[in-house]
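Chemist: File follows, query_32.cif with mmCIF, C-alpha atoms and all ligand atoms:
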```
data_target
loop_
_atom_site.label_atom_id
_atom_site.label_comp_id
_atom_site.auth_asym_id
_atom_site.auth_seq_id
_atom_site.Cartn_x
_atom_site.Cartn_y
_atom_site.Cartn_z
CA MET S 1 122.14 1.05 -12.18
CA ASP S 2 124.46 3.61 -10.58
CA ASN S 3 125.37 1.76 -7.41
CA PRO S 4 129.21 2.05 -7.44
CA ASN S 5 129.52 -1.06 -5.26
CA TYR S 6 127.48 -3.27 -7.55
CA LYS S 7 129.36 -6.41 -8.62
CA SER S 8 128.99 -8.16 -11.92
CA GLY S 9 130.81 -10.60 -14.12
CA PHE S 10 130.97 -13.78 -16.13
CA VAL S 11 131.51 -17.24 -14.70
CA ALA S 12 132.18 -20.42 -16.67
CA ILE S 13 130.95 -23.79 -15.47
CA ILE S 14 133.33 -26.58 -16.52
CA GLY S 15 133.20 -30.29 -15.80
CA ARG S 16 132.94 -33.67 -17.40
CA PRO S 17 129.48 -34.80 -18.58
CA ASN S 18 126.80 -35.56 -16.00
CA VAL S 19 128.53 -34.01 -13.00
CA GLY S 20 125.58 -31.63 -12.67
CA LYS S 21 126.57 -28.43 -14.47
CA SER S 22 123.14 -27.79 -15.96
CA THR S 23 121.44 -28.70 -12.68
CA LEU S 24 123.59 -26.14 -10.87
CA LEU S 25 122.93 -23.49 -13.48
CA ASN S 26 119.21 -24.13 -13.30
CA TYR S 27 119.16 -24.04 -9.52
CA VAL S 28 121.08 -20.76 -9.39
CA VAL S 29 119.06 -19.06 -12.07
CA GLY S 30 115.82 -20.53 -10.75
CA GLN S 31 114.71 -21.47 -14.22
CA LYS S 32 115.13 -24.36 -16.54
CA VAL S 33 117.42 -22.60 -18.98
CA ALA S 34 119.80 -25.38 -19.85
CA ILE S 35 118.76 -28.68 -21.30
CA MET S 36 119.21 -31.38 -18.68
CA SER S 37 119.76 -34.91 -19.70
CA ASN S 38 121.53 -38.08 -18.67
CA VAL S 39 122.89 -38.33 -22.16
CA ALA S 40 126.38 -36.94 -22.30
CA GLN S 41 126.99 -33.83 -24.39
CA THR S 42 123.40 -32.92 -25.06
CA THR S 43 124.14 -29.32 -24.20
CA ARG S 44 126.46 -28.46 -27.06
CA ASN S 45 125.82 -24.74 -26.80
CA LYS S 46 127.39 -22.03 -24.74
CA ILE S 47 124.32 -21.42 -22.66
CA GLN S 48 124.06 -18.55 -20.24
CA GLY S 49 121.97 -18.22 -17.17
CA ILE S 50 121.81 -14.99 -15.22
CA TYR S 51 121.74 -14.62 -11.47
CA THR S 52 120.62 -11.18 -10.34
CA SER S 53 120.39 -9.82 -6.80
CA PRO S 54 120.46 -6.30 -5.32
CA GLU S 55 124.24 -6.68 -4.82
CA ALA S 56 125.41 -8.55 -7.87
CA GLN S 57 124.76 -10.03 -11.25
CA ILE S 58 126.51 -13.21 -12.38
CA ILE S 59 126.27 -14.36 -15.97
CA PHE S 60 126.96 -18.08 -16.17
CA ILE S 61 128.34 -19.83 -19.19
CA ASP S 62 128.01 -23.52 -19.79
CA THR S 63 130.99 -24.77 -21.81
CA PRO S 64 130.43 -28.44 -22.63
CA GLY S 65 132.83 -28.11 -25.57
CA ILE S 66 135.81 -28.53 -23.26
CA HIS S 67 136.36 -32.23 -23.71
CA LYS S 68 138.87 -34.23 -25.65
CA PRO S 69 138.49 -33.15 -29.28
CA SER S 70 138.31 -36.01 -31.74
CA THR S 71 136.59 -34.39 -34.68
CA LYS S 72 136.82 -31.11 -36.55
CA LEU S 73 133.62 -30.03 -34.83
CA GLY S 74 135.00 -31.02 -31.44
CA ASP S 75 138.12 -29.05 -32.22
CA PHE S 76 136.08 -26.02 -33.16
CA MET S 77 133.91 -26.26 -30.07
CA GLU S 78 136.86 -26.78 -27.79
CA LYS S 79 138.54 -23.69 -29.17
CA SER S 80 135.49 -21.60 -28.50
CA ALA S 81 135.17 -23.08 -25.00
CA LEU S 82 138.77 -22.22 -24.22
CA SER S 83 138.54 -18.72 -25.65
CA ALA S 84 135.49 -18.18 -23.44
CA LEU S 85 137.67 -19.01 -20.43
CA ASP S 86 140.02 -16.14 -21.18
CA GLU S 87 137.17 -13.69 -20.86
CA VAL S 88 135.44 -14.83 -17.70
CA ASP S 89 135.96 -13.53 -14.17
CA ALA S 90 135.93 -16.96 -12.57
CA VAL S 91 135.68 -20.65 -13.41
CA LEU S 92 133.71 -23.30 -11.55
CA PHE S 93 135.30 -26.72 -12.03
CA VAL S 94 132.47 -29.09 -11.15
CA VAL S 95 133.18 -32.69 -10.16
CA SER S 96 130.87 -35.38 -8.86
CA ALA S 97 131.36 -36.73 -5.35
CA THR S 98 129.90 -40.01 -6.57
CA GLU S 99 132.64 -40.69 -9.10
CA LYS S 100 136.39 -41.14 -8.89
CA ARG S 101 138.67 -38.61 -10.57
CA GLY S 102 139.08 -39.89 -14.12
CA PRO S 103 140.75 -39.11 -17.45
CA GLY S 104 137.95 -36.64 -18.25
CA ASP S 105 138.81 -34.67 -15.12
CA ASP S 106 142.55 -34.91 -15.83
CA PHE S 107 142.01 -33.53 -19.32
CA ILE S 108 140.08 -30.55 -17.98
CA ILE S 109 142.67 -29.95 -15.25
CA GLU S 110 145.38 -29.79 -17.93
CA ARG S 111 143.38 -27.16 -19.85
CA LEU S 112 142.65 -25.19 -16.69
CA LYS S 113 146.38 -24.97 -15.88
CA LYS S 114 146.55 -22.40 -18.69
CA VAL S 115 143.77 -20.30 -17.19
CA ASN S 116 144.73 -17.35 -15.00
CA GLN S 117 141.29 -16.57 -13.64
CA PRO S 118 140.26 -17.78 -10.16
CA ILE S 119 139.04 -21.37 -10.24
CA PHE S 120 136.72 -22.90 -7.65
CA LEU S 121 136.46 -26.64 -7.14
CA VAL S 122 132.78 -27.48 -6.79
CA VAL S 123 132.18 -30.97 -5.41
CA ASN S 124 128.61 -31.76 -6.40
CA LYS S 125 126.13 -34.49 -5.43
CA ILE S 126 127.12 -34.51 -1.76
CA ASP S 127 123.57 -35.67 -1.03
CA GLN S 128 124.69 -39.04 -2.44
CA ILE S 129 127.66 -39.65 -0.16
CA ASN S 130 128.53 -40.22 3.46
CA PRO S 131 129.85 -36.87 4.80
CA ASN S 132 132.82 -38.75 6.30
CA ASP S 133 133.99 -39.60 2.79
CA LEU S 134 134.16 -35.99 1.65
CA PRO S 135 137.79 -35.26 2.66
CA GLU S 136 138.99 -38.29 0.72
CA ILE S 137 137.07 -37.16 -2.37
CA VAL S 138 138.45 -33.62 -2.11
CA ASP S 139 141.99 -35.00 -1.70
CA GLN S 140 141.87 -36.34 -5.27
CA TYR S 141 141.65 -32.79 -6.64
CA LYS S 142 142.82 -30.27 -4.10
CA ASP S 143 146.46 -30.04 -5.22
CA ALA S 144 145.75 -30.33 -8.95
CA LEU S 145 145.17 -26.59 -9.38
CA PRO S 146 145.62 -23.50 -7.21
CA PHE S 147 141.93 -23.38 -6.29
CA LYS S 148 140.54 -20.14 -4.97
CA GLY S 149 138.05 -22.17 -2.98
CA ILE S 150 136.65 -25.67 -2.55
CA VAL S 151 132.88 -25.82 -2.19
CA PRO S 152 130.87 -29.02 -1.62
CA ILE S 153 127.29 -28.70 -2.85
CA SER S 154 124.19 -30.53 -3.92
CA ALA S 155 122.94 -28.78 -7.04
CA LEU S 156 119.84 -30.95 -6.98
CA GLN S 157 118.83 -30.08 -3.43
CA GLY S 158 120.47 -26.65 -3.37
CA ASN S 159 122.69 -27.46 -0.38
CA ASN S 160 125.45 -24.90 0.12
CA VAL S 161 124.80 -23.26 -3.25
CA ASN S 162 124.25 -19.91 -1.49
CA ASN S 163 127.78 -20.07 -0.10
CA LEU S 164 129.11 -20.75 -3.57
CA ILE S 165 127.29 -17.67 -4.88
CA ASN S 166 128.64 -15.56 -2.02
CA ASP S 167 132.20 -16.75 -2.68
CA LEU S 168 131.78 -15.78 -6.32
CA ILE S 169 130.36 -12.36 -5.54
CA LYS S 170 133.39 -11.67 -3.30
CA ILE S 171 135.81 -12.01 -6.20
CA LEU S 172 133.70 -10.32 -8.91
CA PRO S 173 134.74 -6.84 -10.01
CA ASN S 174 132.55 -3.80 -9.55
CA GLY S 175 130.42 -3.43 -12.61
CA PRO S 176 127.01 -2.63 -14.02
CA GLN S 177 123.92 -4.77 -14.02
CA TYR S 178 124.24 -5.81 -17.65
CA TYR S 179 120.82 -7.38 -17.95
CA PRO S 180 117.47 -6.31 -16.48
CA ALA S 181 116.65 -8.24 -13.31
CA ASP S 182 113.67 -9.95 -14.92
CA GLN S 183 115.40 -10.84 -18.19
CA VAL S 184 115.75 -14.52 -17.43
CA SER S 185 112.39 -15.07 -15.81
CA ASP S 186 110.59 -13.30 -18.64
CA HIS S 187 111.85 -15.59 -21.32
CA PRO S 188 114.09 -18.28 -19.89
CA GLU S 189 114.28 -19.92 -23.29
CA ARG S 190 115.17 -16.74 -25.19
CA PHE S 191 118.90 -16.96 -24.46
CA VAL S 192 119.05 -20.61 -25.29
CA ILE S 193 117.26 -20.10 -28.58
CA ALA S 194 119.59 -17.23 -29.53
CA GLU S 195 122.60 -19.41 -28.68
CA MET S 196 121.26 -22.26 -30.78
CA ILE S 197 120.89 -19.96 -33.79
CA ARG S 198 124.32 -18.42 -33.21
CA GLU S 199 125.85 -21.86 -33.00
CA LYS S 200 124.41 -22.83 -36.39
CA VAL S 201 125.73 -19.62 -37.95
CA PHE S 202 129.27 -20.52 -36.83
CA LEU S 203 128.90 -24.17 -37.61
CA LEU S 204 127.76 -23.59 -41.17
CA THR S 205 129.74 -20.49 -42.12
CA ARG S 206 132.90 -21.63 -40.27
CA GLN S 207 135.54 -18.90 -39.95
CA GLU S 208 133.97 -16.69 -42.61
CA VAL S 209 131.82 -14.85 -40.10
CA PRO S 210 133.44 -13.43 -36.95
CA HIS S 211 132.24 -14.09 -33.42
CA SER S 212 130.81 -10.60 -33.16
CA VAL S 213 127.57 -11.90 -34.67
CA ALA S 214 124.68 -11.40 -32.28
CA VAL S 215 121.28 -13.01 -32.34
CA ASP S 216 118.27 -11.16 -30.99
CA VAL S 217 115.13 -13.18 -30.48
CA THR S 218 112.42 -10.57 -31.04
CA SER S 219 109.34 -12.66 -30.38
CA ILE S 220 108.25 -16.05 -29.07
CA LYS S 221 104.53 -16.61 -29.55
CA ARG S 222 102.36 -19.65 -29.25
CA GLU S 223 100.68 -20.05 -32.61
CA ASP S 224 98.32 -22.84 -31.57
CA GLU S 225 98.33 -25.85 -29.29
CA ASN S 226 101.28 -27.49 -31.06
CA HIS S 227 103.13 -24.63 -32.70
CA ILE S 228 105.38 -21.86 -31.48
CA HIS S 229 106.28 -18.94 -33.72
CA ILE S 230 109.73 -17.48 -33.18
CA SER S 231 111.28 -14.44 -34.89
CA ALA S 232 114.94 -13.56 -34.59
CA ASN S 233 117.43 -11.12 -36.05
CA ILE S 234 120.97 -12.19 -36.86
CA ILE S 235 123.01 -9.01 -36.40
CA VAL S 236 126.24 -8.52 -38.34
CA GLU S 237 128.53 -5.55 -38.92
CA ARG S 238 129.15 -5.61 -42.65
CA PRO S 239 127.02 -6.22 -45.72
CA GLY S 240 129.53 -8.89 -46.81
CA GLN S 241 128.77 -10.91 -43.70
CA LYS S 242 125.08 -10.56 -44.39
CA GLY S 243 125.70 -11.98 -47.87
CA ILE S 244 127.58 -15.00 -46.48
CA ILE S 245 124.86 -15.77 -43.95
CA ILE S 246 122.06 -15.48 -46.50
CA GLY S 247 124.00 -17.43 -49.12
CA LYS S 248 123.22 -18.04 -52.78
CA GLY S 249 119.49 -17.82 -53.28
CA GLY S 250 119.02 -17.78 -49.49
CA LYS S 251 120.35 -21.34 -49.19
CA MET S 252 122.66 -20.74 -46.23
CA LEU S 253 120.04 -18.93 -44.17
CA LYS S 254 117.61 -21.72 -44.90
CA LYS S 255 120.12 -24.32 -43.67
CA ILE S 256 120.83 -22.29 -40.51
CA GLY S 257 117.10 -21.99 -39.90
CA THR S 258 116.39 -25.68 -40.41
CA MET S 259 119.18 -26.86 -38.11
CA ALA S 260 118.37 -24.28 -35.42
CA ARG S 261 114.66 -25.11 -35.63
CA GLN S 262 115.37 -28.79 -34.98
CA ASP S 263 117.36 -27.92 -31.84
CA ILE S 264 114.69 -25.48 -30.64
CA GLU S 265 111.94 -28.04 -31.19
CA ARG S 266 113.88 -30.48 -29.03
CA LEU S 267 114.28 -27.78 -26.39
CA LEU S 268 110.64 -26.71 -26.32
CA GLY S 269 109.05 -30.04 -27.16
CA ASP S 270 106.80 -28.35 -29.72
CA LYS S 271 106.75 -27.69 -33.43
CA VAL S 272 108.38 -24.38 -34.25
CA PHE S 273 108.04 -21.85 -37.05
CA LEU S 274 111.34 -20.01 -37.10
CA GLN S 275 111.65 -16.74 -38.98
CA LEU S 276 115.15 -15.34 -39.37
CA TRP S 277 116.27 -11.93 -40.63
CA VAL S 278 119.82 -10.74 -41.13
CA LYS S 279 120.52 -7.14 -40.15
CA VAL S 280 123.63 -5.02 -40.62
CA VAL S 281 124.50 -2.79 -37.65
CA PRO S 282 127.78 -1.07 -38.61
CA ASP S 283 128.92 0.18 -35.17
CA TRP S 284 128.31 -3.17 -33.50
CA ARG S 285 132.02 -3.83 -33.04
CA ASP S 286 132.56 -0.62 -31.05
CA LYS S 287 130.55 -2.01 -28.16
CA SER S 288 132.37 -3.77 -25.34
CA ALA S 289 133.94 -7.03 -26.48
CA MET S 290 132.37 -8.96 -23.64
CA LEU S 291 128.81 -7.86 -24.23
CA LYS S 292 129.26 -8.35 -27.95
CA ASP S 293 130.46 -11.89 -27.51
CA TYR S 294 127.52 -12.86 -25.39
CA GLY S 295 124.92 -11.49 -27.72
CA TYR S 296 123.93 -8.52 -25.61
CA ARG S 297 121.97 -5.85 -27.42
CA ASN S 298 120.93 -2.24 -26.74
P1 LIG D 1 125.82 -32.00 -16.83
O1 LIG D 1 126.04 -32.96 -17.93
O2 LIG D 1 127.08 -31.74 -16.09
O3 LIG D 1 125.12 -30.73 -17.24
O4 LIG D 1 124.87 -32.75 -15.76
P2 LIG D 1 123.31 -32.57 -15.51
O5 LIG D 1 123.02 -31.29 -14.81
O6 LIG D 1 122.59 -32.84 -16.77
O7 LIG D 1 123.07 -33.75 -14.45
C1 LIG D 1 123.31 -35.10 -14.76
C2 LIG D 1 122.50 -35.97 -13.82
O8 LIG D 1 122.95 -35.83 -12.47
C3 LIG D 1 121.01 -35.62 -13.81
O9 LIG D 1 120.28 -36.81 -13.71
C4 LIG D 1 120.86 -34.79 -12.54
O10 LIG D 1 119.58 -34.87 -11.98
C5 LIG D 1 121.88 -35.45 -11.62
N1 LIG D 1 122.37 -34.50 -10.59
C6 LIG D 1 122.88 -33.28 -10.80
N2 LIG D 1 123.22 -32.70 -9.62
C7 LIG D 1 122.92 -33.59 -8.65
C8 LIG D 1 123.05 -33.57 -7.21
O11 LIG D 1 123.50 -32.62 -6.58
N3 LIG D 1 122.63 -34.68 -6.56
C9 LIG D 1 122.12 -35.77 -7.22
N4 LIG D 1 121.74 -36.80 -6.47
N5 LIG D 1 121.98 -35.81 -8.55
C10 LIG D 1 122.38 -34.74 -9.28
MG MG D 2 124.60 -30.07 -19.15
K K D 3 124.15 -33.89 -19.58
#
```
Is it possible to express this structure as structure tokens?
Modeler:
Amino acid sequence: MDNPNYKSGFVAIIGRPNVGKSTLLNYVVGQKVAIMSNVAQTTRNKIQGIYTSPEAQIIFIDTPGIHKPSTKLGDFMEKSALSALDEVDAVLFVVSATEKRGPGDDFIIERLKKVNQPIFLVVNKIDQINPNDLPEIVDQYKDALPFKGIVPISALQGNNVNNLINDLIKILPNGPQYYPADQVSDHPERFVIAEMIREKVFLLTRQEVPHSVAVDVTSIKREDENHIHISANIIVERPGQKGIIIGKGGKMLKKIGTMARQDIERLLGDKVFLQLWVKVVPDWRDKSAMLKDYGYRN
């Protein structure tokens, strides 16, 4: 891609549970990449969806970890959600037009006060309200943060989502098309699966393994009617990290595989055979920090 005017960047989607973050992501990407559910906090992973057009590529990050931490795990997830915010080009703060501003929103607003990147207020579910009520809903939020824009949408019906995308493209920097245009449509679940494996690596090894670990899902094949065979490489920089991930007698890798497999089975609704390898790629760290962090390979 050598179009010097091409725009690209990373955008985080933040909001309390059930405001429609996954629905928005899925609408924009045109694929069911994130797990949608009425149950709060089902999407515990940093899931990315990629929007690609001839003018721009936007890589979306779902950060459900940004809620009040009450456990060690919550703490850990919140930290990674916040550190993701330092690296993005814009933040979408999604609220629901059908609900009053609440403590969950206030908590997020407090966190977002520390963020320097442009923040858009996205008022979702406008299909559920009387248009006359919109100004009153927006009034609850509009002075809380120095919003770059306020965009009412219906993620479910797609109303006004194009304008949101155009607003985002306007503020994105010039940059390359990081991912091939068909990456998401080829294997919409590939990114999610890689994220699920990555999450288990961090969860189980804690701080011993740095965030530069990448997961590359090398194949997803249907074995038979009820089974899917998945192979993935966990890529680290140093042999020591490989040792930690494999663990004594392969115990750690087995644990990572079992926990990831359970998540993937829930995602795909099928039984899964998951084969994991750990590979050392010494110059991995030299690559751009952003691409590294999001598991990009090549
Ligand atoms: P998340 O927790 O923020 O990711 O929320 P989800 O995307 O999982 O959505 C939660 C619920 O709200 C689901 O039942 C969605 O179908 C519903 N929903 C999301 N966006 C809209 C919308 O624009 N309009 C309506 N009516 N429902 C929506
Ligand atoms: Mg969600
Ligand atoms: K949800």
Chemist: Which residue out of S:Lys279, S:Gly49, S:Arg190, S:Leu164 has the minimum interatomic distance to Val213 in chain S when only C-alpha atoms are used?
Modeler: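 Comparing S:Lys279, S:Gly49, S:Arg190, S:Leu164 against Val213 in chain S, the winner is S:Lys279.
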Chemist: Choose the residue, out of S:Ile230, S:Ile61, S:Ile244, S:Ile171, that has the smallest atom-to-atom separation from Pro210 in chain S; count only C-alpha atoms.
Modeler: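 Comparing S:Ile230, S:Ile61, S:Ile244, S:Ile171 against Pro210 in chain S, the winner is S:Ile244.
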Chemist: Take CA of Val236 in chain S and CA of Val280 in chain S and report the distance between them in Å, one decimal.
Modeler: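 These atoms are spaced 4.9 Å apart.
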Chemist: One number please: CA of Lys142 in chain S to CA of Val28 in chain S, in Å, one decimal.
Modeler: 24.3 Å
Chemist: Between CA of Arg206 in chain S and CA of Glu237 in chain S, what is the spacing in Å?
Modeler: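 Taking CA of Glu237 in chain S as the start and CA of Arg206 in chain S as the end point, the length is 16.7 Å.
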Chemist: Find the residues around Gly20 in chain S up to 8 Å (all atoms listed in the file counted), leave out those fewer than 5 positions away in its own chain, and share them as a list in words.
Modeler: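 These residues fall inside the cut-off: Val94, Ser96, Asn124, Lys125 and Ala155 of chain S.
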Chemist: Considering only C-alpha atoms, can you say which of S:Pro176, S:Gly247, S:Gly257, S:Gly158 comes closest to Ile197 in chain S?
Modeler: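 Using only C-alpha atoms, Ile197 in chain S sits closest to S:Gly257.
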Chemist: Could you check the closest approach to ligand LIG 1 (chain D) for each of S:Gln157, S:Glu110, S:Val11, S:Pro135 and tell me which residue wins, using only C-alpha atoms and all ligand atoms?
Modeler: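 Counting only C-alpha atoms and all ligand atoms, the residue closest to ligand LIG 1 (chain D) is S:Gln157.
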Chemist: S:Leu267, S:Ile13, S:Ala144, S:Ile153: which is nearest ligand MG 2 (chain D), counting only C-alpha atoms and all ligand atoms?
Modeler: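 Among the listed residues, the smallest separation from ligand MG 2 (chain D) belongs to S:Ile13.
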Chemist: Output, as JSON, the centre and edge lengths in Å (one decimal) of the axis-aligned box that contains all listed atoms of ligand LIG 1 (chain D) with 3 Å of margin on each side.
Modeler:
```
{"center_x": 123.3, "center_y": -33.8, "center_z": -12.2, "size_x": 13.5, "size_y": 12.1, "size_z": 17.5}
```
Chemist: Name each residue within 7 Å of ligand LIG 1 (chain D), counting only C-alpha atoms and all ligand atoms, as a PDB file with C-alpha atoms, keeping the file's coordinate frame.
Modeler:
```pdb
ATOM      1  CA  GLY S  15     133.200 -30.290 -15.800  1.00  0.00           C
ATOM      2  CA  ARG S  16     132.940 -33.670 -17.400  1.00  0.00           C
ATOM      3  CA  PRO S  17     129.480 -34.800 -18.580  1.00  0.00           C
ATOM      4  CA  ASN S  18     126.800 -35.560 -16.000  1.00  0.00           C
ATOM      5  CA  VAL S  19     128.530 -34.010 -13.000  1.00  0.00           C
ATOM      6  CA  GLY S  20     125.580 -31.630 -12.670  1.00  0.00           C
ATOM      7  CA  LYS S  21     126.570 -28.430 -14.470  1.00  0.00           C
ATOM      8  CA  SER S  22     123.140 -27.790 -15.960  1.00  0.00           C
ATOM      9  CA  THR S  23     121.440 -28.700 -12.680  1.00  0.00           C
ATOM     10  CA  LEU S  24     123.590 -26.140 -10.870  1.00  0.00           C
ATOM     11  CA  MET S  36     119.210 -31.380 -18.680  1.00  0.00           C
ATOM     12  CA  SER S  37     119.760 -34.910 -19.700  1.00  0.00           C
ATOM     13  CA  ASN S  38     121.530 -38.080 -18.670  1.00  0.00           C
ATOM     14  CA  ALA S  40     126.380 -36.940 -22.300  1.00  0.00           C
ATOM     15  CA  GLN S  41     126.990 -33.830 -24.390  1.00  0.00           C
ATOM     16  CA  ASN S 124     128.610 -31.760  -6.400  1.00  0.00           C
ATOM     17  CA  LYS S 125     126.130 -34.490  -5.430  1.00  0.00           C
ATOM     18  CA  ILE S 126     127.120 -34.510  -1.760  1.00  0.00           C
ATOM     19  CA  ASP S 127     123.570 -35.670  -1.030  1.00  0.00           C
ATOM     20  CA  GLN S 128     124.690 -39.040  -2.440  1.00  0.00           C
ATOM     21  CA  ILE S 153     127.290 -28.700  -2.850  1.00  0.00           C
ATOM     22  CA  SER S 154     124.190 -30.530  -3.920  1.00  0.00           C
ATOM     23  CA  ALA S 155     122.940 -28.780  -7.040  1.00  0.00           C
ATOM     24  CA  LEU S 156     119.840 -30.950  -6.980  1.00  0.00           C
ATOM     25  CA  GLN S 157     118.830 -30.080  -3.430  1.00  0.00           C
TER      26      GLN S 157
END
```
Chemist: Tell me, as a list in words, which residues lie within 9 Å of Ile264 in chain S, counting only C-alpha atoms; anything in the same chain fewer than 5 positions away does not count.
Modeler: Val192, Ile193, Met196, Ile197, Met259, Gly269, Asp270, Lys271 and Val272 of chain S
Chemist: Using all atoms listed in the file, which of S:Arg261, S:Val201, S:Leu274, S:Asn159 sits nearest Ile246 in chain S?
Modeler: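 Comparing S:Arg261, S:Val201, S:Leu274, S:Asn159 against Ile246 in chain S, the winner is S:Val201.
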Chemist: Please identify all polymer residues within 12 Å of Tyr141 in chain S, counting all atoms listed in the file, omitting same-chain residues fewer than 2 positions from it, and present them as an MDAnalysis selection string.
Modeler: chainID S and resid 93:97 100:102 105:106 108:109 120:123 134:139 143:147 149:150
